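**Q** Provided below: input.txt, containing compact mmCIF, C-alpha atoms.
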```txt
# COMPACT_ATOMS: atom_id res chain seq x y z
CA MET A 1 -12.26 -8.36 18.28
CA GLY A 2 -8.52 -7.98 17.88
CA GLU A 3 -8.01 -8.66 21.59
CA HIS A 4 -9.17 -12.26 21.05
CA HIS A 5 -6.18 -12.80 18.82
CA LEU A 6 -3.68 -11.71 21.45
CA PRO A 7 -3.43 -15.09 23.27
CA GLU A 8 -3.12 -16.86 19.91
CA ARG A 9 -0.36 -14.49 18.87
CA ALA A 10 1.42 -14.98 22.19
CA THR A 11 1.19 -18.76 21.78
CA ALA A 12 2.42 -18.55 18.22
CA ALA A 13 5.32 -16.34 19.29
CA ALA A 14 6.21 -18.76 22.09
CA GLY A 15 6.03 -21.67 19.66
CA TRP A 16 8.30 -19.84 17.25
CA ARG A 17 10.79 -19.19 20.07
CA ALA A 18 10.78 -22.90 20.93
CA ILE A 19 11.36 -23.86 17.29
CA ARG A 20 14.22 -21.38 17.00
CA ASP A 21 15.95 -22.62 20.15
CA PRO A 22 18.87 -24.77 18.97
CA VAL A 23 18.95 -26.81 22.20
CA ILE A 24 15.50 -28.29 21.54
CA ALA A 25 16.45 -29.17 17.96
CA ILE A 26 19.73 -30.76 19.09
CA LEU A 27 17.98 -32.83 21.78
CA LEU A 28 15.30 -34.02 19.34
CA LEU A 29 17.88 -34.99 16.72
CA ALA A 30 20.18 -36.71 19.22
CA GLY A 31 17.18 -38.61 20.57
CA LEU A 32 16.17 -39.67 17.08
CA PHE A 33 19.58 -41.16 16.26
CA ASP A 34 19.85 -42.76 19.69
CA GLY A 35 16.39 -44.25 19.29
CA ILE A 36 16.95 -45.76 15.87
CA SER A 37 20.17 -47.23 17.26
CA ASP A 38 17.87 -49.20 19.60
CA ASN A 39 18.43 -47.03 22.67
CA TRP A 40 14.80 -45.96 23.03
CA ILE A 41 14.93 -45.41 26.79
CA HIS A 42 17.86 -43.02 26.48
CA ALA A 43 16.18 -41.36 23.51
CA ALA A 44 13.08 -40.89 25.63
CA LEU A 45 15.15 -38.95 28.20
CA LEU A 46 16.38 -36.54 25.52
CA TRP A 47 12.89 -36.14 24.03
CA PHE A 48 11.41 -35.61 27.50
CA VAL A 49 13.85 -32.76 28.17
CA ALA A 50 13.17 -31.27 24.72
CA GLY A 51 9.44 -31.53 25.40
CA LEU A 52 9.87 -29.93 28.82
CA LEU A 53 11.68 -26.95 27.30
CA GLY A 54 9.07 -26.67 24.54
CA TRP A 55 6.26 -26.81 27.12
CA GLU A 56 7.96 -24.06 29.13
CA ALA A 57 8.31 -21.90 26.02
CA LEU A 58 4.65 -22.39 25.14
CA HIS A 59 3.72 -21.29 28.66
CA GLY A 60 5.58 -18.03 28.35
CA LYS A 61 8.91 -18.85 29.93
CA ALA A 62 11.81 -17.31 28.03
CA LEU A 63 14.31 -20.06 27.25
CA ASP A 64 17.11 -17.52 26.86
CA GLU A 65 16.55 -16.01 30.31
CA PRO A 66 19.55 -16.18 32.69
CA ALA A 67 19.66 -19.56 34.40
CA GLY A 68 20.90 -18.11 37.70
CA GLY A 69 24.11 -18.97 39.48
CA ILE A 70 24.78 -21.79 41.89
CA ALA A 71 26.15 -20.61 45.21
CA ARG A 72 29.71 -21.87 45.57
CA THR A 73 29.26 -22.39 49.29
CA GLY A 74 26.08 -23.21 51.13
CA PRO A 75 25.51 -22.84 54.88
CA ILE A 76 27.53 -25.99 55.58
CA GLY A 77 30.36 -24.83 53.34
CA ARG A 78 30.48 -21.45 55.12
CA ARG A 79 30.44 -23.15 58.53
CA TRP A 80 33.44 -25.31 57.62
CA ALA A 81 35.19 -22.83 55.29
CA GLY A 82 38.51 -23.32 57.06
CA GLU A 83 38.51 -27.03 56.35
CA ARG A 84 37.59 -26.70 52.66
CA ARG A 85 40.76 -28.42 51.51
CA VAL A 86 40.14 -31.33 53.86
CA TRP A 87 36.55 -31.67 52.63
CA ARG A 88 37.71 -31.64 49.02
CA LEU A 89 40.11 -34.47 49.77
CA VAL A 90 37.34 -36.38 51.53
CA ALA A 91 35.03 -35.81 48.52
CA LEU A 92 37.77 -36.96 46.14
CA ALA A 93 38.41 -40.09 48.20
CA GLY A 94 34.66 -40.74 48.29
CA ALA A 95 34.41 -40.36 44.52
CA VAL A 96 37.32 -42.76 43.96
CA ALA A 97 35.74 -45.33 46.29
CA TYR A 98 32.38 -44.87 44.56
CA VAL A 99 33.71 -45.36 41.01
CA TRP A 100 35.78 -48.34 42.13
CA LEU A 101 32.71 -50.00 43.63
CA ALA A 102 30.44 -49.04 40.71
CA GLY A 103 33.12 -50.13 38.23
CA SER A 104 32.85 -53.65 39.60
CA PHE A 105 29.32 -53.84 38.18
CA GLY A 106 28.84 -54.93 34.61
CA ARG A 107 27.88 -52.38 31.96
CA TYR A 108 24.14 -52.11 31.27
CA SER A 109 23.35 -54.03 34.48
CA TRP A 110 20.75 -52.80 36.98
CA PRO A 111 23.32 -52.07 39.76
CA MET A 112 25.35 -50.00 37.28
CA THR A 113 22.19 -48.20 36.18
CA VAL A 114 21.45 -47.25 39.79
CA ALA A 115 25.09 -46.15 40.23
CA ILE A 116 24.63 -43.77 37.27
CA VAL A 117 21.13 -42.51 38.01
CA VAL A 118 21.87 -41.50 41.64
CA PRO A 119 24.73 -39.03 40.93
CA ALA A 120 22.99 -37.88 37.73
CA ALA A 121 19.87 -36.98 39.72
CA ALA A 122 22.01 -35.17 42.30
CA VAL A 123 23.82 -33.08 39.69
CA LEU A 124 20.55 -32.31 37.88
CA ALA A 125 18.98 -31.19 41.17
CA VAL A 126 21.90 -28.93 42.05
CA GLY A 127 22.48 -27.56 38.56
CA TRP A 128 18.86 -27.08 37.42
CA PRO A 129 18.12 -23.44 36.45
CA ARG A 130 16.58 -21.34 39.18
CA ARG A 131 15.80 -17.74 39.82
CA GLY A 132 18.90 -16.01 41.07
CA ALA A 133 20.89 -12.86 40.79
CA VAL A 134 20.57 -11.32 37.33
CA THR A 135 23.98 -11.39 35.78
CA PRO A 136 24.94 -9.45 32.65
CA LYS A 137 24.47 -11.46 29.48
CA PRO A 138 27.90 -12.59 28.31
CA THR A 139 28.83 -12.10 24.69
CA TRP A 140 30.12 -14.75 22.34
CA PRO A 141 33.82 -14.13 21.72
CA LEU A 142 34.91 -14.44 18.09
CA GLY A 143 37.25 -17.30 18.98
CA ALA A 144 34.22 -19.39 19.96
CA VAL A 145 33.84 -20.17 16.25
CA ALA A 146 36.97 -22.36 16.50
CA TRP A 147 35.38 -24.45 19.26
CA GLY A 148 32.15 -24.62 17.29
CA ALA A 149 34.04 -25.95 14.30
CA VAL A 150 35.71 -28.68 16.39
CA PHE A 151 32.40 -29.71 17.96
CA LEU A 152 30.58 -29.71 14.62
CA SER A 153 33.38 -31.74 12.98
CA MET A 154 33.19 -34.30 15.79
CA CYS A 155 29.42 -34.59 15.37
CA LEU A 156 29.70 -34.97 11.59
CA LEU A 157 32.42 -37.62 11.92
CA GLU A 158 30.33 -39.55 14.45
CA LEU A 159 27.25 -39.26 12.22
CA THR A 160 29.22 -40.40 9.15
CA SER A 161 30.51 -43.45 11.02
CA LEU A 162 26.99 -44.23 12.23
CA LEU A 163 25.53 -43.98 8.72
CA LEU A 164 28.30 -46.15 7.24
CA GLN A 165 27.60 -49.01 9.66
CA PRO A 166 25.83 -52.06 8.18
CA SER A 167 22.79 -50.94 10.19
CA PHE A 168 22.10 -48.56 13.06
CA ARG A 169 22.13 -51.54 15.43
CA THR A 170 25.30 -53.19 14.09
CA ASP A 171 28.73 -51.78 14.92
CA SER A 172 31.37 -51.51 12.22
CA TYR A 173 35.11 -52.04 12.68
CA ALA A 174 35.80 -50.13 9.46
CA HIS A 175 33.72 -47.13 10.53
CA PRO A 176 33.92 -47.00 14.32
CA THR A 177 31.76 -44.65 16.36
CA ILE A 178 33.03 -43.24 19.65
CA SER A 179 30.85 -45.75 21.49
CA PHE A 180 32.43 -48.64 19.57
CA LEU A 181 35.93 -47.34 20.33
CA MET A 182 35.10 -47.05 24.02
CA ASP A 183 33.87 -50.64 24.31
CA PRO A 184 37.29 -52.27 24.87
CA LEU A 185 38.29 -49.51 27.31
CA LEU A 186 35.14 -50.02 29.39
CA ALA A 187 35.33 -53.81 29.32
CA SER A 188 37.52 -54.04 32.44
CA HIS A 189 36.88 -53.03 36.04
CA VAL A 190 39.69 -50.45 35.96
CA GLY A 191 38.50 -49.05 32.63
CA ARG A 192 34.93 -48.65 33.88
CA ALA A 193 36.16 -47.00 37.09
CA ILE A 194 38.26 -44.51 35.09
CA GLY A 195 35.37 -43.85 32.71
CA LEU A 196 32.97 -43.28 35.60
CA PHE A 197 35.44 -40.97 37.31
CA ALA A 198 35.82 -38.93 34.11
CA TRP A 199 32.03 -38.69 33.81
CA LEU A 200 31.64 -37.58 37.44
CA ALA A 201 34.48 -35.07 37.02
CA LEU A 202 32.74 -33.64 33.96
CA GLY A 203 29.55 -33.23 35.99
CA TRP A 204 31.48 -31.47 38.74
CA LEU A 205 33.13 -29.17 36.17
CA LEU A 206 29.70 -28.35 34.74
CA LEU A 207 28.46 -27.32 38.17
CA GLN A 208 31.60 -25.24 38.69
CA SER A 209 30.96 -23.42 35.41
CA PHE A 210 27.42 -22.59 36.57
CA ALA A 211 28.67 -21.09 39.85
CA GLY A 212 27.61 -17.55 40.57
CA PRO A 213 26.19 -15.32 43.26
CA GLY A 214 23.45 -17.87 43.95
CA PRO A 215 19.76 -17.46 44.66
CA GLY A 216 18.80 -14.42 46.61
CA ALA A 217 22.09 -12.64 46.02
CA MET B 1 45.25 -46.43 5.05
CA THR B 2 42.11 -48.38 5.89
CA PRO B 3 38.78 -46.66 6.65
CA HIS B 4 39.26 -47.72 10.29
CA ASP B 5 42.65 -46.01 10.48
CA ALA B 6 41.33 -42.91 8.72
CA THR B 7 38.42 -42.61 11.17
CA ILE B 8 40.75 -42.99 14.15
CA ALA B 9 43.10 -40.41 12.63
CA PHE B 10 40.20 -37.94 12.22
CA TYR B 11 39.10 -38.44 15.84
CA ALA B 12 42.69 -38.05 17.07
CA THR B 13 43.17 -34.90 14.97
CA LEU B 14 40.06 -33.30 16.44
CA ILE B 15 41.19 -34.14 19.97
CA VAL B 16 44.63 -32.64 19.30
CA VAL B 17 43.03 -29.52 17.78
CA GLY B 18 40.81 -29.21 20.88
CA LEU B 19 43.82 -29.51 23.20
CA GLY B 20 45.68 -26.99 21.05
CA LEU B 21 42.79 -24.52 21.26
CA GLU B 22 42.72 -24.86 25.05
CA PHE B 23 46.48 -24.28 25.18
CA LEU B 24 46.15 -21.16 23.00
CA ALA B 25 43.18 -19.95 25.05
CA LEU B 26 45.18 -20.13 28.29
CA ARG B 27 47.83 -17.75 26.97
CA PRO B 28 47.53 -14.17 28.29
CA GLY B 29 45.60 -11.87 25.95
CA SER B 30 44.26 -14.72 23.86
CA ARG B 31 41.11 -14.01 21.81
CA ILE B 32 40.17 -17.67 21.96
CA PRO B 33 37.95 -18.57 24.94
CA THR B 34 38.76 -21.59 27.05
CA PHE B 35 36.49 -24.64 26.88
CA GLY B 36 35.22 -23.75 30.35
CA THR B 37 34.26 -20.27 29.15
CA ILE B 38 32.27 -21.78 26.28
CA ILE B 39 30.46 -24.14 28.66
CA GLY B 40 29.74 -21.26 31.05
CA ARG B 41 28.37 -19.17 28.19
CA ILE B 42 26.09 -21.97 26.99
CA GLY B 43 24.96 -22.65 30.56
CA HIS B 44 24.10 -18.99 31.10
CA THR B 45 20.66 -19.44 29.54
CA ARG B 46 17.90 -21.70 30.80
CA SER B 47 17.73 -23.92 27.71
CA GLY B 48 21.53 -24.07 27.40
CA ARG B 49 21.96 -25.22 30.97
CA VAL B 50 19.20 -27.80 30.73
CA GLY B 51 20.74 -29.05 27.46
CA LEU B 52 24.20 -29.37 29.01
CA LEU B 53 22.86 -31.23 32.05
CA ALA B 54 20.75 -33.54 29.88
CA GLY B 55 23.72 -34.21 27.60
CA TRP B 56 25.95 -35.05 30.55
CA ALA B 57 23.34 -37.36 32.12
CA TRP B 58 22.79 -39.01 28.75
CA LEU B 59 26.55 -39.70 28.43
CA GLY B 60 26.52 -41.68 31.65
CA LEU B 61 23.40 -43.59 30.67
CA HIS B 62 24.65 -44.28 27.15
CA PHE B 63 28.00 -45.73 28.16
CA PHE B 64 27.00 -47.56 31.33
CA ALA B 65 23.30 -47.87 32.08
CA ARG B 66 20.51 -50.08 30.75
```
Could you show the structure in this file as structure tokens?
**A**
Amino acid sequence: MGEHHLPERATAAAGWRAIRDPVIAILLLAGLFDGISDNWIHAALLWFVAGLLGWEALHGKALDEPAGGIARTGPIGRRWAGERRVWRLVALAGAVAYVWLAGSFGRYSWPMTVAIVVPAAAVLAVGWPRRGAVTPKPTWPLGAVAWGAVFLSMCLLELTSLLLQPSFRTDSYAHPTISFLMDPLLASHVGRAIGLFAWLALGWLLLQSFAGPGPGA
Amino acid sequence: MTPHDATIAFYATLIVVGLGLEFLALRPGSRIPTFGTIIGRIGHTRSGRVGLLAGWAWLGLHFFAR
């Protein structure tokens, strides 16, 4: 009789793990505020990812399991290891050319959307968690609290500015959000190119921070 | 000081504090982790990595895409 309750208990435990996971809560909340600011498509992306993680948790996948490392060099990288510096320069030149071309497109246009979605999909594909070498679980250093305080303060300031706007869909000069402050910077071709480059560089830095022994190590 | 100026000042202060933390973290023997260490720690878990990647992709969409 008690054995019938085991799957229910496992599901309940998985559900509880999903609820406890701060990433899901953050994604749901961010999606909510983005949605009521009339960015429903972007909100849907955040909710989709939150739902995906919740679905994985409900199907027994541990959300706090190691995400695995990304191999720093693949077969091609090993083949051309001697020319790594040259390839980095080529990649940098390619990135500059890409952001300059993409920066010529208007914000929120379809060409610009494609120019964002293509590298985003590439970074997601490379960086997505996979089974790899089990690395020791790192600890949270005490000094991480300082970074947490800065991040939380930034979020609270952004939220305060958003709530003090005339409405979620109307910007306020008196209470500017980060998006509102970025508008004049991203209004020009050069500004958009610099913004795109910064975004791509952040994606590259993310992948670098995920680097490890790689699958099968 | 207008509310606009105060908001800008708060944002600027937080950016300066962040840069200061990174500077302190880079000193030998520092107990403060670098920003990269924090990102690496968050990205160590499955949900953390997915959250970071989703957040980064969302940034690009939010500022540029339809």
**Q** How big is the axis-aligned box, and where does its centre sit, when it encloses all atoms of stretch 37-41 of chain B listed in the file and has 6 Å added on every side, reported in Å to one decimal as JSON?
**A**
```
{"center_x": 31.3, "center_y": -21.7, "center_z": 28.7, "size_x": 17.9, "size_y": 17.0, "size_z": 16.8}
```
**Q** Atom CA of A:Gly127 to atom CA of B:Ala57: how many Å, to one decimal?
**A** 11.8 Å
**Q** Can you work out which one of A:Ala115, A:Gly60, A:Asp183, A:Pro129 has the shortest atom-to-atom distance to A:Asp171, counting only C-alpha atoms?
**A**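 Among the listed residues, A:Asp183 lies closest to A:Asp171.
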**Q** Using all atoms listed in the file for the distances, tell me which of B:Ile8, B:Ile42, B:Leu26, B:Leu21 is nearest to A:Pro22.
**A**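 Answer, going by the shortest atom-to-atom distance: B:Ile42.
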**Q** Rank A:Ile70, A:Leu157, A:Leu205, A:Ala62 by their smallest atom-to-atom distance to A:Val126, using all atoms listed in the file, and report the top residue only.
**A** A:Ile70
**Q** If we count all atoms listed in the file, what is near stretch 175-181 of chain A at a cut-off of 7 Å, once residues fewer than 5 positions away on the same chain are taken out, given as a list in words?
**A**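 Listing them by chain and then by number gives Glu158, Ser161, Leu162, Leu164 and Gln165 of chain A; Pro3, His4 and Thr7 of chain B.
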**Q** Nearest to B:Arg31 among A:Pro166, A:Gly82, A:Gly143, A:Gly54, with distances taken over only C-alpha atoms: which residue is it?
**A**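 Closest to B:Arg31, using only C-alpha atoms: A:Gly143.
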**Q** Please determine, counting all atoms listed in the file, which residue among A:Leu202, A:Val117, A:Ala122, A:Ala57 has the shortest atom-to-atom distance to B:Phe64.
**A**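 Looking only at the distances to B:Phe64, the closest residue turns out to be A:Val117.
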**Q** Could you tell me which residues of chain B sit within 7 Å of chain A when counting all atoms listed in the file, and give me the result as a VMD selection string?
**A** chain B and resid 3 to 4 7 14 18 31 to 33 36 39 to 41 43 to 51 53 to 54 56 to 58 60 to 62 64 to 66
**Q** Kindly save the residues from that selection, with C-alpha atoms included, as a JSON list (two decimals), keeping the file's coordinate frame.
**A**
```json
[["chain", "number", "residue", "atom", "x", "y", "z"],
["B", 3, "PRO", "CA", 38.78, -46.66, 6.65],
["B", 4, "HIS", "CA", 39.26, -47.72, 10.29],
["B", 7, "THR", "CA", 38.42, -42.61, 11.17],
["B", 14, "LEU", "CA", 40.06, -33.30, 16.44],
["B", 18, "GLY", "CA", 40.81, -29.21, 20.88],
["B", 31, "ARG", "CA", 41.11, -14.01, 21.81],
["B", 32, "ILE", "CA", 40.17, -17.67, 21.96],
["B", 33, "PRO", "CA", 37.95, -18.57, 24.94],
["B", 36, "GLY", "CA", 35.22, -23.75, 30.35],
["B", 39, "ILE", "CA", 30.46, -24.14, 28.66],
["B", 40, "GLY", "CA", 29.74, -21.26, 31.05],
["B", 41, "ARG", "CA", 28.37, -19.17, 28.19],
["B", 43, "GLY", "CA", 24.96, -22.65, 30.56],
["B", 44, "HIS", "CA", 24.10, -18.99, 31.10],
["B", 45, "THR", "CA", 20.66, -19.44, 29.54],
["B", 46, "ARG", "CA", 17.90, -21.70, 30.80],
["B", 47, "SER", "CA", 17.73, -23.92, 27.71],
["B", 48, "GLY", "CA", 21.53, -24.07, 27.40],
["B", 49, "ARG", "CA", 21.96, -25.22, 30.97],
["B", 50, "VAL", "CA", 19.20, -27.80, 30.73],
["B", 51, "GLY", "CA", 20.74, -29.05, 27.46],
["B", 53, "LEU", "CA", 22.86, -31.23, 32.05],
["B", 54, "ALA", "CA", 20.75, -33.54, 29.88],
["B", 56, "TRP", "CA", 25.95, -35.05, 30.55],
["B", 57, "ALA", "CA", 23.34, -37.36, 32.12],
["B", 58, "TRP", "CA", 22.79, -39.01, 28.75],
["B", 60, "GLY", "CA", 26.52, -41.68, 31.65],
["B", 61, "LEU", "CA", 23.40, -43.59, 30.67],
["B", 62, "HIS", "CA", 24.65, -44.28, 27.15],
["B", 64, "PHE", "CA", 27.00, -47.56, 31.33],
["B", 65, "ALA", "CA", 23.30, -47.87, 32.08],
["B", 66, "ARG", "CA", 20.51, -50.08, 30.75]]
```
**Q** Using Å and a single decimal, report how far atom CA of A:Leu185 sits from atom CA of B:Phe63.
**A**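 It comes out at 11.0 Å.
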**Q** For atom CA of A:Arg17 and atom CA of A:Trp55, determine how far apart the two atoms are, in Å to one decimal place.
**A**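 These atoms are spaced 11.3 Å apart.
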